[in-house]
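Heads up, final-v6.csv below (CSV, C-alpha atoms):
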```
chain,number,residue,atom,x,y,z
A,1,MET,CA,96.6,111.0,88.8
A,2,GLU,CA,93.4,110.3,86.9
A,3,ASN,CA,91.7,112.9,84.7
A,4,ARG,CA,88.8,113.6,82.5
A,5,VAL,CA,90.7,115.3,79.6
A,6,GLU,CA,89.9,112.6,77.0
A,7,GLU,CA,86.2,112.6,78.0
A,8,LEU,CA,86.0,116.4,77.8
A,9,ARG,CA,87.9,116.6,74.6
A,10,LYS,CA,85.6,114.1,72.9
A,11,GLN,CA,82.6,116.0,74.1
A,12,LEU,CA,83.8,119.0,72.1
A,13,GLY,CA,84.5,116.8,69.0
A,14,LEU,CA,88.2,117.5,69.1
A,15,ASN,CA,91.0,115.1,68.3
A,16,GLN,CA,94.3,115.1,70.2
A,17,GLU,CA,96.1,117.1,67.6
A,18,GLU,CA,93.5,119.8,67.6
A,19,LEU,CA,93.5,120.1,71.4
A,20,ALA,CA,97.3,120.1,71.4
A,21,LYS,CA,97.4,123.1,69.0
A,22,LEU,CA,94.8,125.0,71.1
A,23,LEU,CA,96.9,124.4,74.3
A,24,LYS,CA,100.2,125.0,72.4
A,25,VAL,CA,101.6,121.6,73.4
A,26,SER,CA,102.4,118.4,71.4
A,27,ARG,CA,99.9,115.7,70.6
A,28,GLN,CA,102.1,113.4,72.5
A,29,THR,CA,101.7,115.6,75.6
A,30,VAL,CA,97.9,115.4,75.3
A,31,SER,CA,98.1,111.6,74.8
A,32,SER,CA,100.4,111.2,77.8
A,33,ILE,CA,98.1,113.3,80.0
A,34,GLU,CA,95.0,111.4,78.9
A,35,THR,CA,96.6,108.0,79.7
A,36,GLY,CA,98.0,109.2,83.0
A,37,LYS,CA,101.6,108.7,82.0
A,38,TYR,CA,102.3,112.5,82.5
A,39,ASN,CA,101.0,114.9,85.0
A,40,PRO,CA,100.8,118.4,83.6
A,41,SER,CA,102.6,121.3,85.1
A,42,LEU,CA,100.4,123.6,87.2
A,43,GLU,CA,100.5,126.2,84.4
A,44,LEU,CA,99.3,123.6,81.9
A,45,ALA,CA,96.6,122.3,84.3
A,46,PHE,CA,95.3,125.8,84.6
A,47,ALA,CA,95.3,126.2,80.8
A,48,ILE,CA,93.4,123.0,80.4
A,49,SER,CA,90.8,124.0,83.1
A,50,ASP,CA,90.4,127.4,81.5
A,51,PHE,CA,90.0,125.9,78.1
A,52,PHE,CA,87.2,123.5,79.2
A,53,GLY,CA,85.7,126.1,81.6
A,54,LYS,CA,86.0,123.9,84.6
A,55,GLN,CA,87.7,123.9,87.9
A,56,ILE,CA,91.0,121.9,88.0
A,57,GLU,CA,89.4,119.6,90.6
A,58,GLU,CA,86.6,118.8,88.1
A,59,ILE,CA,89.2,117.6,85.6
A,60,PHE,CA,92.1,116.1,87.6
A,61,ILE,CA,91.3,113.5,90.3
A,62,HIS,CA,94.1,113.3,92.8
A,63,GLU,CA,94.0,110.2,95.0
A,64,ARG,CA,95.3,111.2,98.4
A,65,GLU,CA,97.9,109.0,100.1
A,66,ASP,CA,97.8,108.5,103.8
A,67,PHE,CA,100.8,110.1,105.4
A,68,GLU,CA,101.8,108.7,108.8
```
What would you get if you wrote out this structure as C-alpha coordinates?
Amino acid sequence: MENRVEELRKQLGLNQEELAKLLKVSRQTVSSIETGKYNPSLELAFAISDFFGKQIEEIFIHEREDFE
(Lines of atoms letter the chains of each structure in order from A and count residues from 1; the text may use other names and numbers.)
(Lines give C-alpha, C1' and ligand atoms only; values in the text may rest on other atoms or scores of the structure.)
Protein backbone atom coordinates (compact mmCIF):
# COMPACT_ATOMS: atom_id res chain seq x y z
CA MET A 1 0.00 0.00 0.00
CA GLU A 2 1.40 3.36 -0.99
CA ASN A 3 1.20 6.34 1.34
CA ARG A 4 2.05 10.01 1.74
CA VAL A 5 3.48 9.82 5.27
CA GLU A 6 7.00 10.88 4.27
CA GLU A 7 5.70 13.78 2.17
CA LEU A 8 3.42 15.03 4.96
CA ARG A 9 6.11 14.58 7.61
CA LYS A 10 8.60 16.62 5.59
CA GLN A 11 6.01 19.37 5.01
CA LEU A 12 5.91 19.82 8.79
CA GLY A 13 9.71 19.82 9.03
CA LEU A 14 9.82 16.69 11.18
CA ASN A 15 12.34 13.90 11.02
CA GLN A 16 11.35 10.26 11.47
CA GLU A 17 12.41 10.20 15.11
CA GLU A 18 10.28 13.24 15.96
CA LEU A 19 7.20 11.82 14.23
CA ALA A 20 7.74 8.46 15.91
CA LYS A 21 7.79 10.08 19.36
CA LEU A 22 4.59 12.01 18.62
CA LEU A 23 2.85 8.82 17.45
CA LYS A 24 4.38 6.73 20.28
CA VAL A 25 6.01 4.24 17.90
CA SER A 26 9.62 3.50 16.98
CA ARG A 27 11.55 5.34 14.29
CA GLN A 28 11.87 2.00 12.51
CA THR A 29 8.07 1.74 12.37
CA VAL A 30 7.82 5.17 10.74
CA SER A 31 10.57 4.23 8.28
CA SER A 32 8.88 0.93 7.41
CA ILE A 33 5.53 2.64 6.86
CA GLU A 34 7.10 5.29 4.63
CA THR A 35 8.85 2.71 2.47
CA GLY A 36 5.77 0.49 2.24
CA LYS A 37 7.42 -2.43 4.04
CA TYR A 38 4.84 -2.28 6.83
CA ASN A 39 1.15 -1.44 6.72
CA PRO A 40 0.05 0.18 9.98
CA SER A 41 -2.71 -1.25 12.12
CA LEU A 42 -6.07 0.44 11.78
CA GLU A 43 -5.50 2.14 15.14
CA LEU A 44 -2.14 3.53 14.02
CA ALA A 45 -3.55 4.59 10.64
CA PHE A 46 -6.23 6.60 12.47
CA ALA A 47 -3.58 8.12 14.75
CA ILE A 48 -1.54 9.15 11.70
CA SER A 49 -4.59 10.62 9.96
CA ASP A 50 -5.58 12.52 13.12
CA PHE A 51 -2.04 13.85 13.54
CA PHE A 52 -1.91 15.19 9.98
CA GLY A 53 -5.55 16.33 10.05
CA LYS A 54 -6.40 14.33 6.94
CA GLN A 55 -8.72 11.47 6.04
CA ILE A 56 -7.07 8.04 5.95
CA GLU A 57 -7.82 7.88 2.21
CA GLU A 58 -5.79 11.07 1.70
CA ILE A 59 -2.72 9.44 3.25
CA PHE A 60 -2.94 5.76 2.41
CA ILE A 61 -3.50 4.74 -1.21
CA HIS A 62 -4.83 1.22 -1.50
CA GLU A 63 -4.60 -0.32 -4.95
CA ARG A 64 -7.59 -2.58 -5.35
CA GLU A 65 -7.14 -6.05 -6.71
CA ASP A 66 -9.68 -7.61 -9.00
CA PHE A 67 -11.47 -10.46 -7.31
CA GLU A 68 -13.05 -12.96 -9.63
Select, counting all atoms listed in the file, all protein, DNA and RNA residues no farther than 10 Å from (86.5, 121.0, 81.8) in file coordinates, and express the selection as a JSON list (two decimals) with C-alpha atoms, in the frame of the given file.
```json
[["chain", "number", "residue", "atom", "x", "y", "z"],
["A", 4, "ARG", "CA", 88.80, 113.60, 82.50],
["A", 5, "VAL", "CA", 90.70, 115.30, 79.60],
["A", 7, "GLU", "CA", 86.20, 112.60, 78.00],
["A", 8, "LEU", "CA", 86.00, 116.40, 77.80],
["A", 9, "ARG", "CA", 87.90, 116.60, 74.60],
["A", 11, "GLN", "CA", 82.60, 116.00, 74.10],
["A", 48, "ILE", "CA", 93.40, 123.00, 80.40],
["A", 49, "SER", "CA", 90.80, 124.00, 83.10],
["A", 50, "ASP", "CA", 90.40, 127.40, 81.50],
["A", 51, "PHE", "CA", 90.00, 125.90, 78.10],
["A", 52, "PHE", "CA", 87.20, 123.50, 79.20],
["A", 53, "GLY", "CA", 85.70, 126.10, 81.60],
["A", 54, "LYS", "CA", 86.00, 123.90, 84.60],
["A", 55, "GLN", "CA", 87.70, 123.90, 87.90],
["A", 56, "ILE", "CA", 91.00, 121.90, 88.00],
["A", 57, "GLU", "CA", 89.40, 119.60, 90.60],
["A", 58, "GLU", "CA", 86.60, 118.80, 88.10],
["A", 59, "ILE", "CA", 89.20, 117.60, 85.60],
["A", 60, "PHE", "CA", 92.10, 116.10, 87.60]]
```
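Taking CA of Ile61 (chain A) as the reference point, CA of Gly36 (chain A) is found at 10.8 Å.
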(message) Given all atoms listed in the file as the basis, pick out the residue of A:Lys10, A:His62, A:Asn3, A:Ala47 nearest to Ser32 (chain A).
(response) A:Asn3
(request) Rounded to one decimal place, report the CA of Leu19 (chain A)-CA of Glu63 (chain A) distance in Å. (result) 25.6 Å
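Using only C-alpha atoms, the smallest distance between any of A:Val25, A:Leu14, A:Ala20, A:Met1 and Tyr38 (chain A) comes from A:Met1.
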(message) Would you compute the distance between CA of Pro40 (chain A) and CA of Glu17 (chain A)? Give it in Å to one decimal.
(response) 16.7 Å
(request) Please provide the set of residues having any atom within 7 Å of Ser31 (chain A), restricted to all atoms listed in the file, with same-chain residues fewer than 4 positions apart removed, written as a ChimeraX atom specification. (result) /A:16,27,35
